[in-house]
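structure-v5.tsv follows; it contains TSV, C-alpha atoms.
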chain	number	residue	atom	x	y	z
A	293	MET	CA	9.27	153.94	-3.92
A	294	PRO	CA	6.55	151.38	-3.17
A	295	ILE	CA	7.06	148.48	-0.81
A	296	GLY	CA	8.66	145.56	-2.61
A	297	LEU	CA	7.68	141.90	-2.73
A	298	GLY	CA	10.18	139.09	-3.12
A	299	ALA	CA	8.28	137.76	-6.12
A	300	GLY	CA	9.09	140.96	-7.98
A	301	GLY	CA	12.81	140.37	-7.67
A	302	SER	CA	15.11	138.72	-10.14
A	303	VAL	CA	18.57	137.22	-10.26
A	304	GLY	CA	20.77	137.35	-13.34
A	305	ILE	CA	24.08	135.56	-13.76
A	306	ALA	CA	26.74	136.16	-16.39
A	307	PRO	CA	30.13	134.51	-16.95
A	308	GLU	CA	33.01	136.93	-16.53
A	309	THR	CA	35.65	137.46	-19.16
A	310	THR	CA	37.96	139.09	-16.64
A	311	TYR	CA	37.81	137.98	-13.03
A	312	GLY	CA	36.13	140.61	-10.89
A	313	THR	CA	34.97	142.85	-13.73
A	314	TRP	CA	31.20	143.08	-13.61
A	315	THR	CA	29.44	142.23	-16.84
A	316	ASN	CA	25.97	141.57	-18.15
A	317	THR	CA	27.21	140.10	-21.43
A	318	GLY	CA	25.78	136.61	-21.59
A	319	ILE	CA	23.41	137.30	-18.72
A	320	VAL	CA	20.66	134.79	-18.04
A	321	TRP	CA	17.86	135.56	-15.66
A	322	HIS	CA	17.71	132.62	-13.33
A	323	PRO	CA	14.62	131.69	-11.32
A	324	VAL	CA	15.62	131.22	-7.66
A	325	LEU	CA	13.80	130.07	-4.56
A	326	SER	CA	15.72	132.36	-2.24
A	327	GLU	CA	18.93	134.32	-1.97
A	328	ASN	CA	20.81	136.23	0.68
A	329	LEU	CA	23.90	137.32	-1.19
A	330	MET	CA	25.07	140.49	0.46
A	331	TYR	CA	27.87	142.88	1.28
A	332	GLN	CA	29.86	141.73	4.30
A	333	GLU	CA	32.50	143.94	5.81
A	334	ASP	CA	35.09	143.59	8.52
A	335	ARG	CA	34.41	147.06	9.78
A	336	TYR	CA	36.99	148.68	12.00
A	337	TYR	CA	35.88	150.16	15.29
A	338	SER	CA	38.69	151.98	17.01
A	339	GLN	CA	39.42	150.99	20.57
A	340	ALA	CA	41.95	153.73	21.01
A	341	ILE	CA	41.90	154.86	24.63
A	342	ARG	CA	40.47	158.36	24.84
A	343	GLY	CA	38.90	158.49	28.27
A	344	GLN	CA	35.55	156.94	27.23
A	345	PRO	CA	34.48	153.28	27.59
A	346	MET	CA	33.00	152.73	24.11
A	347	ASP	CA	34.52	152.38	20.67
A	348	ASN	CA	35.37	155.90	19.66
A	349	GLU	CA	35.54	155.83	15.84
A	350	VAL	CA	34.63	153.73	12.82
A	351	LYS	CA	36.48	153.14	9.57
A	352	GLN	CA	35.50	151.12	6.55
A	353	GLY	CA	37.29	147.77	6.40
A	354	TYR	CA	37.89	145.08	3.82
A	355	TYR	CA	34.74	143.57	2.41
A	356	ARG	CA	33.39	140.77	0.26
A	357	VAL	CA	30.00	139.63	-0.88
A	358	GLU	CA	28.73	136.32	0.42
A	359	GLY	CA	25.56	134.33	0.73
A	360	ASP	CA	23.43	131.42	-0.46
A	361	ILE	CA	21.33	131.16	-3.58
A	362	GLN	CA	18.87	128.27	-3.70
A	363	PHE	CA	17.12	127.18	-6.88
A	364	GLU	CA	15.52	124.28	-8.70
A	365	VAL	CA	18.18	122.62	-10.83
A	366	ASP	CA	17.86	123.63	-14.48
A	367	THR	CA	20.43	122.02	-16.75
A	368	ARG	CA	20.65	125.12	-18.94
A	369	TYR	CA	22.05	127.20	-16.09
A	370	LEU	CA	23.77	124.48	-14.09
A	371	PRO	CA	27.00	124.55	-16.17
A	372	LEU	CA	27.40	128.23	-15.26
A	373	TRP	CA	27.17	127.51	-11.54
A	374	LEU	CA	29.41	124.46	-11.66
A	375	GLY	CA	31.81	126.35	-13.90
A	376	ALA	CA	32.27	128.81	-11.05
A	377	ALA	CA	33.05	126.06	-8.53
A	378	ARG	CA	36.34	124.26	-8.01
A	379	LEU	CA	35.65	121.80	-10.78
A	380	THR	CA	37.47	121.11	-14.01
A	381	ARG	CA	35.07	121.27	-16.94
A	382	VAL	CA	35.24	119.22	-20.11
A	383	LYS	CA	32.68	120.22	-22.73
A	384	SER	CA	31.82	118.05	-25.72
A	385	GLY	CA	29.19	117.96	-28.44
A	386	ALA	CA	28.00	120.49	-30.96
A	387	GLY	CA	24.56	120.93	-29.46
A	388	PRO	CA	23.22	119.41	-27.37
A	389	TYR	CA	26.26	119.50	-25.14
A	390	VAL	CA	27.81	117.31	-22.47
A	391	TYR	CA	29.56	119.06	-19.59
A	392	THR	CA	31.64	116.84	-17.32
A	393	PHE	CA	32.85	118.36	-14.07
A	394	THR	CA	35.47	116.77	-11.81
A	395	PRO	CA	37.08	118.19	-8.66
A	396	ASN	CA	40.55	119.66	-8.82
A	397	GLY	CA	43.10	120.79	-6.26
A	398	SER	CA	43.72	124.39	-7.30
A	399	ALA	CA	43.66	127.17	-4.74
A	400	SER	CA	42.10	129.87	-6.90
A	401	GLY	CA	41.77	131.30	-10.39
A	402	ALA	CA	39.92	131.00	-13.69
A	403	ALA	CA	41.01	128.13	-15.93
A	404	SER	CA	42.70	126.64	-12.90
A	405	ALA	CA	40.29	126.21	-10.02
A	406	TRP	CA	37.16	127.18	-11.94
A	407	THR	CA	36.14	127.77	-15.55
A	408	LYS	CA	34.65	131.26	-15.23
A	409	SER	CA	33.67	133.40	-12.31
A	410	LEU	CA	30.24	135.00	-12.33
A	411	SER	CA	28.81	138.47	-12.23
A	412	ILE	CA	25.52	138.28	-10.38
A	413	SER	CA	22.89	140.98	-10.71
A	414	ILE	CA	20.02	141.01	-8.25
A	415	ASN	CA	16.98	143.25	-8.55
A	416	ARG	CA	15.44	143.87	-5.16
A	417	ASN	CA	12.45	146.19	-5.12
A	418	ASN	CA	13.47	147.68	-8.47
A	419	THR	CA	17.03	148.47	-7.48
A	420	THR	CA	19.94	146.52	-8.90
A	421	PHE	CA	22.83	145.17	-6.87
A	422	GLY	CA	25.79	144.16	-9.01
A	423	TYR	CA	28.19	141.59	-7.60
A	424	ALA	CA	31.45	140.74	-9.35
A	425	GLY	CA	34.08	138.06	-9.01
A	426	CYS	CA	31.61	135.53	-7.65
A	427	VAL	CA	32.72	131.97	-7.03
A	428	VAL	CA	30.72	128.99	-5.78
A	429	THR	CA	32.63	127.76	-2.76
A	430	THR	CA	30.09	125.26	-1.43
A	431	TYR	CA	27.26	123.60	-3.29
A	432	THR	CA	24.61	121.06	-2.47
A	433	PHE	CA	22.32	118.94	-4.57
A	434	GLU	CA	19.28	117.81	-2.68
A	435	VAL	CA	16.23	115.68	-3.35
A	436	GLY	CA	13.96	116.25	-0.38
A	437	ASP	CA	10.46	115.19	0.54
A	438	ASP	CA	9.02	116.96	-2.51
A	439	GLY	CA	11.16	114.90	-4.88
A	440	VAL	CA	12.50	117.98	-6.70
A	441	LEU	CA	16.22	118.25	-7.38
A	442	LYS	CA	17.39	121.54	-5.91
A	443	MET	CA	20.76	123.17	-5.57
A	444	THR	CA	22.10	125.64	-3.07
A	445	ALA	CA	25.17	127.58	-4.12
A	446	HIS	CA	27.17	129.31	-1.42
A	447	VAL	CA	28.73	132.22	-3.24
A	448	ILE	CA	31.65	134.42	-2.25
A	449	GLY	CA	32.36	137.39	-4.47
A	450	ALA	CA	34.93	140.13	-4.62
A	451	SER	CA	32.96	143.35	-4.92
A	452	GLU	CA	29.63	145.12	-5.09
A	453	SER	CA	28.54	148.04	-7.24
A	454	THR	CA	25.40	149.66	-8.52
A	455	GLN	CA	24.76	148.51	-12.07
A	456	THR	CA	22.19	148.57	-14.83
A	457	ALA	CA	21.72	144.95	-15.75
A	458	GLY	CA	19.12	145.53	-18.47
A	459	ALA	CA	15.71	144.09	-19.20
A	460	VAL	CA	14.73	140.98	-17.30
A	461	THR	CA	13.82	138.08	-19.56
A	462	TRP	CA	12.63	134.60	-18.76
A	463	VAL	CA	12.52	131.40	-20.72
A	464	ALA	CA	10.11	128.56	-20.07
A	465	PRO	CA	10.98	126.85	-16.77
A	466	ARG	CA	12.33	123.34	-16.49
A	467	ILE	CA	12.17	121.37	-13.26
A	468	LEU	CA	13.65	118.01	-12.42
A	469	GLY	CA	10.73	116.70	-10.37
A	470	ALA	CA	9.80	113.53	-8.54
A	471	SER	CA	9.23	111.55	-11.72
A	472	THR	CA	12.70	112.35	-13.02
A	473	SER	CA	15.00	111.45	-10.12
A	474	SER	CA	16.61	108.10	-9.45
A	475	ILE	CA	19.40	106.71	-7.32
A	476	LYS	CA	21.72	103.82	-8.11
A	477	THR	CA	24.20	102.14	-5.81
A	478	GLY	CA	26.87	99.48	-6.13
A	479	ALA	CA	30.28	98.37	-5.02
A	480	GLY	CA	32.94	101.07	-5.07
A	481	SER	CA	35.35	101.18	-7.96
A	482	ALA	CA	38.77	102.84	-8.12
A	483	SER	CA	39.33	102.81	-11.86
A	484	SER	CA	36.57	101.18	-13.84
A	485	ALA	CA	32.95	102.18	-14.22
A	486	PRO	CA	31.09	100.90	-11.16
A	487	THR	CA	28.31	98.40	-11.59
A	488	LEU	CA	25.23	100.19	-10.36
A	489	THR	CA	21.68	99.05	-9.77
A	490	ALA	CA	18.62	101.12	-9.04
A	491	ASP	CA	17.88	101.57	-5.33
A	492	THR	CA	14.37	102.70	-4.47
A	493	ASN	CA	14.72	102.79	-0.68
A	494	PHE	CA	15.94	106.38	-0.45
A	495	ASP	CA	13.58	108.89	1.12
A	496	THR	CA	15.94	111.85	0.80
A	497	PHE	CA	19.40	112.39	-0.63
A	498	THR	CA	21.86	115.27	-0.31
A	499	PHE	CA	25.29	115.76	-1.82
A	500	GLU	CA	27.46	118.56	-0.47
A	501	ALA	CA	30.81	119.82	-1.69
A	502	ASN	CA	32.51	122.31	0.57
A	503	ASP	CA	35.73	123.74	-0.81
A	504	ASN	CA	36.24	125.97	2.22
A	505	GLY	CA	36.32	129.20	0.29
A	506	ALA	CA	37.51	132.44	1.81
A	507	ALA	CA	37.81	136.00	0.59
A	508	GLN	CA	41.41	137.16	0.62
A	509	SER	CA	42.02	140.83	1.30
A	510	ARG	CA	45.19	142.50	0.15
A	511	ILE	CA	46.52	146.01	0.62
A	512	GLY	CA	45.78	148.45	-2.17
A	513	THR	CA	43.46	146.36	-4.35
A	514	THR	CA	41.03	147.85	-6.85
A	515	PRO	CA	38.16	148.41	-6.19
A	516	ALA	CA	39.25	149.71	-2.81
A	517	ARG	CA	38.67	147.34	0.10
A	518	ALA	CA	37.22	144.61	-2.17
A	519	ALA	CA	38.54	141.06	-1.96
A	520	ALA	CA	41.66	140.49	-4.04
A	521	TYR	CA	40.61	136.97	-4.81
A	522	ILE	CA	38.69	134.02	-3.44
A	523	SER	CA	40.76	131.13	-2.14
A	524	LEU	CA	39.70	127.53	-1.82
A	525	GLY	CA	41.01	125.14	0.80
A	526	LYS	CA	40.49	121.55	1.80
A	527	GLY	CA	37.69	119.88	-0.08
A	528	GLU	CA	35.09	118.30	2.18
A	529	TYR	CA	32.63	116.24	0.20
A	530	THR	CA	29.76	114.25	1.66
A	531	CYS	CA	26.50	112.57	0.85
A	532	SER	CA	23.72	112.06	3.33
A	533	SER	CA	20.47	110.19	3.06
A	534	THR	CA	17.50	108.78	4.85
A	535	LEU	CA	16.39	105.40	3.59
A	536	ASP	CA	14.35	102.37	4.59
A	537	TYR	CA	16.36	100.01	6.79
A	538	GLN	CA	15.81	96.47	5.53
A	539	ASP	CA	18.78	94.33	6.45
A	540	LYS	CA	22.25	94.56	7.90
A	541	THR	CA	24.19	94.54	4.65
A	542	GLU	CA	24.89	98.27	4.51
A	543	TYR	CA	25.35	98.52	8.27
A	544	THR	CA	28.07	95.89	7.94
A	545	ASN	CA	29.58	97.91	5.10
A	546	TYR	CA	29.61	100.93	7.39
A	547	VAL	CA	31.34	99.10	10.23
A	548	GLY	CA	33.87	97.58	7.85
A	549	THR	CA	34.57	100.87	5.95
A	550	THR	CA	33.62	99.05	2.77
A	551	LYS	CA	33.56	101.56	-0.06
A	552	LYS	CA	30.47	102.12	-2.15
A	553	ALA	CA	29.48	103.87	-5.34
A	554	VAL	CA	26.32	105.95	-5.49
A	555	GLN	CA	24.76	107.84	-8.34
A	556	LEU	CA	22.02	110.45	-8.38
A	557	ILE	CA	20.29	111.13	-11.67
A	558	GLY	CA	17.76	113.79	-12.56
A	559	SER	CA	16.57	113.46	-16.11
A	560	ASN	CA	13.89	115.00	-18.27
A	561	ASN	CA	15.78	114.02	-21.41
A	562	ALA	CA	19.00	112.00	-21.55
A	563	THR	CA	20.65	114.22	-24.16
A	564	THR	CA	19.27	117.69	-23.52
A	565	ASP	CA	18.17	117.89	-19.90
A	566	GLN	CA	19.91	115.59	-17.47
A	567	VAL	CA	22.30	115.75	-14.55
A	568	GLN	CA	24.15	112.72	-13.25
A	569	LEU	CA	26.25	112.85	-10.10
A	570	THR	CA	28.44	109.84	-9.36
A	571	VAL	CA	30.51	109.08	-6.26
A	572	TYR	CA	32.90	106.29	-7.16
A	573	ASN	CA	34.51	104.73	-4.14
A	574	SER	CA	33.66	106.08	-0.72
A	575	PRO	CA	32.82	104.71	2.73
A	576	TYR	CA	29.95	105.43	5.02
A	577	ASP	CA	30.85	107.89	7.72
A	578	THR	CA	27.77	107.21	9.83
A	579	TYR	CA	24.95	104.70	9.63
A	580	GLU	CA	22.34	105.28	12.30
A	581	VAL	CA	19.46	102.91	12.88
A	582	ALA	CA	17.18	103.48	15.85
A	583	LEU	CA	13.67	102.85	17.12
A	584	GLY	CA	12.41	106.40	17.35
A	585	SER	CA	8.98	105.52	18.61
A	586	MET	CA	6.38	102.80	18.21
A	587	GLY	CA	4.85	104.59	15.27
A	588	ASP	CA	8.02	105.29	13.34
A	589	ILE	CA	9.23	103.41	10.30
A	590	VAL	CA	12.67	101.98	10.96
A	591	MET	CA	14.93	104.14	8.85
A	592	ALA	CA	18.66	104.47	8.41
A	593	ASN	CA	20.25	107.90	8.53
A	594	THR	CA	23.49	107.68	6.67
A	595	THR	CA	26.36	109.85	5.56
A	596	TRP	CA	29.12	109.08	3.14
A	597	HIS	CA	32.55	110.59	3.56
A	598	ILE	CA	33.74	111.02	0.01
A	599	VAL	CA	37.40	110.12	-0.41
A	600	ALA	CA	39.71	109.88	-3.40
A	601	SER	CA	38.88	106.85	-5.51
A	602	GLY	CA	42.36	105.41	-5.18
A	603	GLY	CA	42.59	104.90	-8.94
A	604	THR	CA	41.84	106.70	-12.17
A	605	ASN	CA	38.25	107.49	-11.31
A	606	PRO	CA	37.64	110.91	-9.80
A	607	ALA	CA	36.29	111.06	-6.27
A	608	PHE	CA	33.06	112.19	-7.90
A	609	ASP	CA	31.91	113.71	-11.12
A	610	ILE	CA	28.90	115.62	-12.34
A	611	VAL	CA	27.79	115.15	-15.91
A	612	VAL	CA	25.30	117.64	-17.31
A	613	ASN	CA	23.51	117.04	-20.60
A	614	SER	CA	22.08	120.31	-21.83
A	615	ASP	CA	20.99	122.10	-24.97
A	616	ALA	CA	22.47	125.33	-23.62
A	617	ASN	CA	25.79	126.42	-25.09
A	618	VAL	CA	27.71	127.67	-22.06
A	619	THR	CA	31.09	129.15	-22.92
B	1200	MET	CA	7.12	154.07	-36.40
B	1201	SER	CA	7.94	150.39	-36.17
B	1202	TYR	CA	11.03	148.61	-34.95
B	1203	GLU	CA	12.74	145.38	-35.84
B	1204	VAL	CA	13.92	143.65	-32.68
B	1205	THR	CA	16.16	140.62	-32.63
B	1206	MET	CA	17.12	138.55	-29.61
B	1207	ASP	CA	20.33	136.63	-30.21
B	1208	HIS	CA	21.47	134.98	-27.01
B	1209	PRO	CA	24.43	132.70	-27.72
B	1210	MET	CA	23.64	130.34	-24.87
B	1211	PHE	CA	20.20	129.31	-26.06
B	1212	PRO	CA	19.07	127.38	-29.13
B	1213	GLU	CA	17.40	129.18	-31.99
B	1214	GLY	CA	13.69	129.52	-31.44
B	1215	GLU	CA	13.87	129.60	-27.62
B	1216	GLU	CA	11.19	132.00	-26.47
B	1217	PHE	CA	12.21	134.91	-24.26
B	1218	TYR	CA	9.51	136.52	-22.17
B	1219	PHE	CA	10.10	140.17	-21.37
B	1220	GLU	CA	8.35	142.04	-18.61
B	1221	GLY	CA	5.46	143.87	-20.21
B	1222	GLY	CA	4.44	140.96	-22.39
B	1223	LEU	CA	6.89	141.06	-25.28
B	1224	VAL	CA	7.88	137.57	-26.46
B	1225	LEU	CA	10.85	137.13	-28.76
B	1226	LYS	CA	12.22	133.96	-30.29
B	1227	ASN	CA	15.98	133.58	-30.17
B	1228	GLY	CA	17.58	134.30	-33.50
B	1229	GLU	CA	14.41	135.63	-35.11
B	1230	THR	CA	13.53	139.21	-35.94
B	1231	THR	CA	10.18	140.55	-34.83
B	1232	THR	CA	8.58	143.82	-35.84
B	1233	VAL	CA	6.91	145.83	-33.09
B	1234	GLU	CA	5.02	149.09	-33.28
B	1235	GLU	CA	6.21	150.40	-29.92
B	1236	LEU	CA	9.27	149.69	-27.87
B	1237	PRO	CA	8.52	148.79	-24.27
B	1238	GLU	CA	10.30	150.96	-21.73
B	1239	GLY	CA	13.63	149.69	-20.48
B	1240	LEU	CA	14.16	147.20	-23.28
B	1241	GLU	CA	17.96	147.41	-23.12
B	1242	HIS	CA	19.55	143.98	-23.15
B	1243	PRO	CA	23.08	142.99	-24.11
B	1244	HIS	CA	21.83	140.46	-26.64
B	1245	LEU	CA	18.95	142.43	-28.08
B	1246	THR	CA	19.29	144.47	-31.26
B	1247	VAL	CA	16.72	147.14	-32.06
B	1248	LYS	CA	16.58	148.70	-35.48
B	1249	GLU	CA	14.18	151.40	-36.57
B	1250	SER	CA	12.45	150.42	-39.75
B	1251	GLY	CA	14.95	151.14	-42.51
B	1252	LYS	CA	17.65	152.41	-40.13
B	1253	LYS	CA	20.58	150.82	-38.39
B	1254	THR	CA	20.12	152.27	-34.92
B	1255	THR	CA	20.67	149.71	-32.21
B	1256	ALA	CA	19.88	149.62	-28.54
B	1257	LYS	CA	22.45	146.98	-27.85
B	1258	LYS	CA	24.00	147.65	-24.50
B	1259	GLY	CA	27.31	146.12	-23.56
B	1260	GLY	CA	28.10	145.32	-19.98
B	1261	GLU	CA	31.76	145.91	-19.52

How does this structure look as structure tokens?
Amino acid sequence: MPIGLGAGGSVGIAPETTYGTWTNTGIVWHPVLSENLMYQEDRYYSQAIRGQPMDNEVKQGYYRVEGDIQFEVDTRYLPLWLGAARLTRVKSGAGPYVYTFTPNGSASGAASAWTKSLSISINRNNTTFGYAGCVVTTYTFEVGDDGVLKMTAHVIGASESTQTAGAVTWVAPRILGASTSSIKTGAGSASSAPTLTADTNFDTFTFEANDNGAAQSRIGTTPARAAAYISLGKGEYTCSSTLDYQDKTEYTNYVGTTKKAVQLIGSNNATTDQVQLTVYNSPYDTYEVALGSMGDIVMANTTWHIVASGGTNPAFDIVVNSDANVT
Amino acid sequence: MSYEVTMDHPMFPEGEEFYFEGGLVLKNGETTTVEELPEGLEHPHLTVKESGKKTTAKKGGE
């Protein structure tokens, strides 16, 4: 077989009907920037004492699949990814559709913690790796120096197998670029919609949700040695940003643990191609202002520690407007 | 021999163009007639019918 190039690879994702059963029904081939999803095993090396100083035997151990997949946010595929994270999904509309995702406190399971797990098929140098029972346990939304809204999904899955995923197909790409992103901020709000105004001081912005996922191994599962399920633990949700430091207002908010609302929007079209992430009522965790050098702009490096809103608002929500009909 | 191929992906709107490796372009929900089938055209949401026959190349995943 010839030497392979990354550009020749492809990643397909499909929602699973039954958790952990690989499928290509509903598969969409998803452009990615990088991936390192792979088989990870707790291999057993015997340290039985047999008169020699090295491990003396090996046995296959429990395994899982785990890794990161980074991609430009595309609102047609985003509901699939968020549907595999610990988020409760409400879908409305008859096309285009509105998908609203809010965090929940479930430990595991379809229709409880997540909507549908994913089967992920990855073609690497013309061979297909099939991963089943995949759940997004950590995810980030990031607008970096290039102004493009990107997402990184940390995926943990139950099993790997060799599969035939079928012909690779692509649809025209959509990117939420520098002209489409905006950030709004305002006073935090526990129950009502926060009053938000556009804030153009942000250089970069990152939202991260870490649900502390872990593969759980159980004796006698099928397929053999594969994870029985993926558990989710404490939710750790943060925002971080770099922005122009102009006055002490936000620094004072940081010191006083005054809660803020912040909203990130990426929009090509408000009804068919938009994502809106809102944090409702959370304090700064850090607010660093320093004179780095005589040539540096005075910037503030900030992080928000996202907490429960204290009222009827969720801690955060993600609203996706899309013309894709994700089941 | 010609074939009628139909891409019907439930996630995408009608008319969305799907680009297959090898250059085939199919619009979602529309039937296209092709003279030759590209190799490896199996797809769970693609139906292939020989002209006048009901043979399909639909391939389920589970």

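Nearest to Asn1227 of chain B of all the residues A:Leu329, A:Ala482, A:Val463, A:Ala607 is A:Val463, based on all atoms listed in the file.
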
Residues near Glu1213 of chain B, cut-off 7 Å, all atoms listed in the file, skip fewer than 2 positions along chain, as a CSV table (one decimal) with C-alpha atoms, in the coordinates of the input:
chain,number,residue,atom,x,y,z
B,1211,PHE,CA,20.2,129.3,-26.1
B,1215,GLU,CA,13.9,129.6,-27.6
B,1227,ASN,CA,16.0,133.6,-30.2
B,1228,GLY,CA,17.6,134.3,-33.5

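The space separating atom CA of Val320 of chain A from atom CA of Thr514 of chain A comes to 26.7 Å.
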
Self-check item: Nearest candidate to chain A (options B:Glu1249, B:Glu1216, B:Asp1207, B:Glu1238; using all atoms listed in the file)
Solution: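 Answer, going by the shortest atom-to-atom distance: B:Glu1216.
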
Practice problem: With a distance threshold of 6 Å and counting only C-alpha atoms, extract the residues of chain B near chain A and express them as a PyMOL selection string. | Solution: chain B and resi 1210-1211+1216-1219+1240-1243+1260-1261

Quiz item: So what do you get for atom CA of Gly1214 of chain B versus atom CA of Val440 of chain A, distance-wise?
Solution: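 Spanning atom CA of Gly1214 of chain B to atom CA of Val440 of chain A is a straight-line distance of 27.3 Å.
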
Exercise. Please provide as a list of chain:residue names all residues within 9 Å of Thr432 of chain A, with the sequence filter that same-chain residues fewer than 3 positions apart are discarded (counting only C-alpha atoms).
Key: A:Lys442, A:Met443, A:Thr444, A:Ala445, A:His446, A:Thr498, A:Phe499, A:Glu500, A:Ala501, A:Asn502

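The space separating atom CA of Ser302 of chain A from atom CA of Glu364 of chain A comes to 14.5 Å.
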
Practice problem: Could you give me, as a ChimeraX atom specification, the residues that have an atom at most 9 Å away from the point (31.8, 134.7, -8.0) in the coordinates of the file, using only C-alpha atoms? | Solution: /A:308,311-312,357,376-377,408-412,423-429,447-450,522

Quiz item: Taking into account only C-alpha atoms, which residue in the set B:Met1206, B:Pro1212, B:Met1200, B:Lys1248 is nearest to Val1224 of chain B?
Solution: B:Met1206

Quiz item: Hey, what's within 7 Å of segment 1203-1205 of chain B if we count all atoms listed in the file and toss same-chain stuff fewer than 6 positions away? As a list in words, please?
Solution: Gly1228, Glu1229, Thr1230, Thr1231, Thr1232, Val1233, Leu1245, Thr1246, Val1247, Lys1248, Glu1249 and Ser1250 of chain B

Exercise. Pick out the residues sitting within 8 Å of Thr392 of chain A, and hand them over as a list in words; count all atoms listed in the file, and ignore anything fewer than 2 positions along from it in its own chain.
Key: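 Once the nearby chain positions are removed, what remains is Thr380, Arg381, Val382, Lys383, Val390, Thr394, Asp609, Ile610, Val611 and Val612 of chain A.
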
Quiz item: Could you name the residues that touch Gln538 of chain A at 12 Å or less, counting all atoms listed in the file, but leaving out those on the same chain fewer than 4 positions away, as a list in words?
Solution: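 In the requested form, the answer reads Thr492, Asn493, Phe494, Glu542, Tyr543, Val581, Ile589, Val590, Met591 and Ala592 of chain A.
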
Practice problem: Around the point (27.7, 101.3, 5.7) in the file's coordinates, collect all residues with an atom within 10 Å, using all atoms listed in the file, and return them as a ChimeraX atom specification. | Solution: /A:540-552,574-580,592,594-596

Quiz prompt | Among the residues A:Ser509, A:Gln332, A:Thr419, A:Thr477, the one that comes closest to Leu569 of chain A [using only C-alpha atoms] | solution = A:Thr477

Self-check item: Which of A:Thr487, A:Asn504, A:Thr530, A:Asn415 sits closest to Thr454 of chain A [using only C-alpha atoms]
Solution: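 Counting only C-alpha atoms, the residue closest to Thr454 of chain A is A:Asn415.
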
For segment 1212-1223 of chain B, what centre and edge lengths in Å (one decimal) does the axis-aligned box get once 5 Å is added on each side of all its listed atoms, as lines of an AutoDock Vina configuration file?
center_x = 11.8
center_y = 135.6
center_z = -25.3
size_x = 24.6
size_y = 26.5
size_z = 23.4
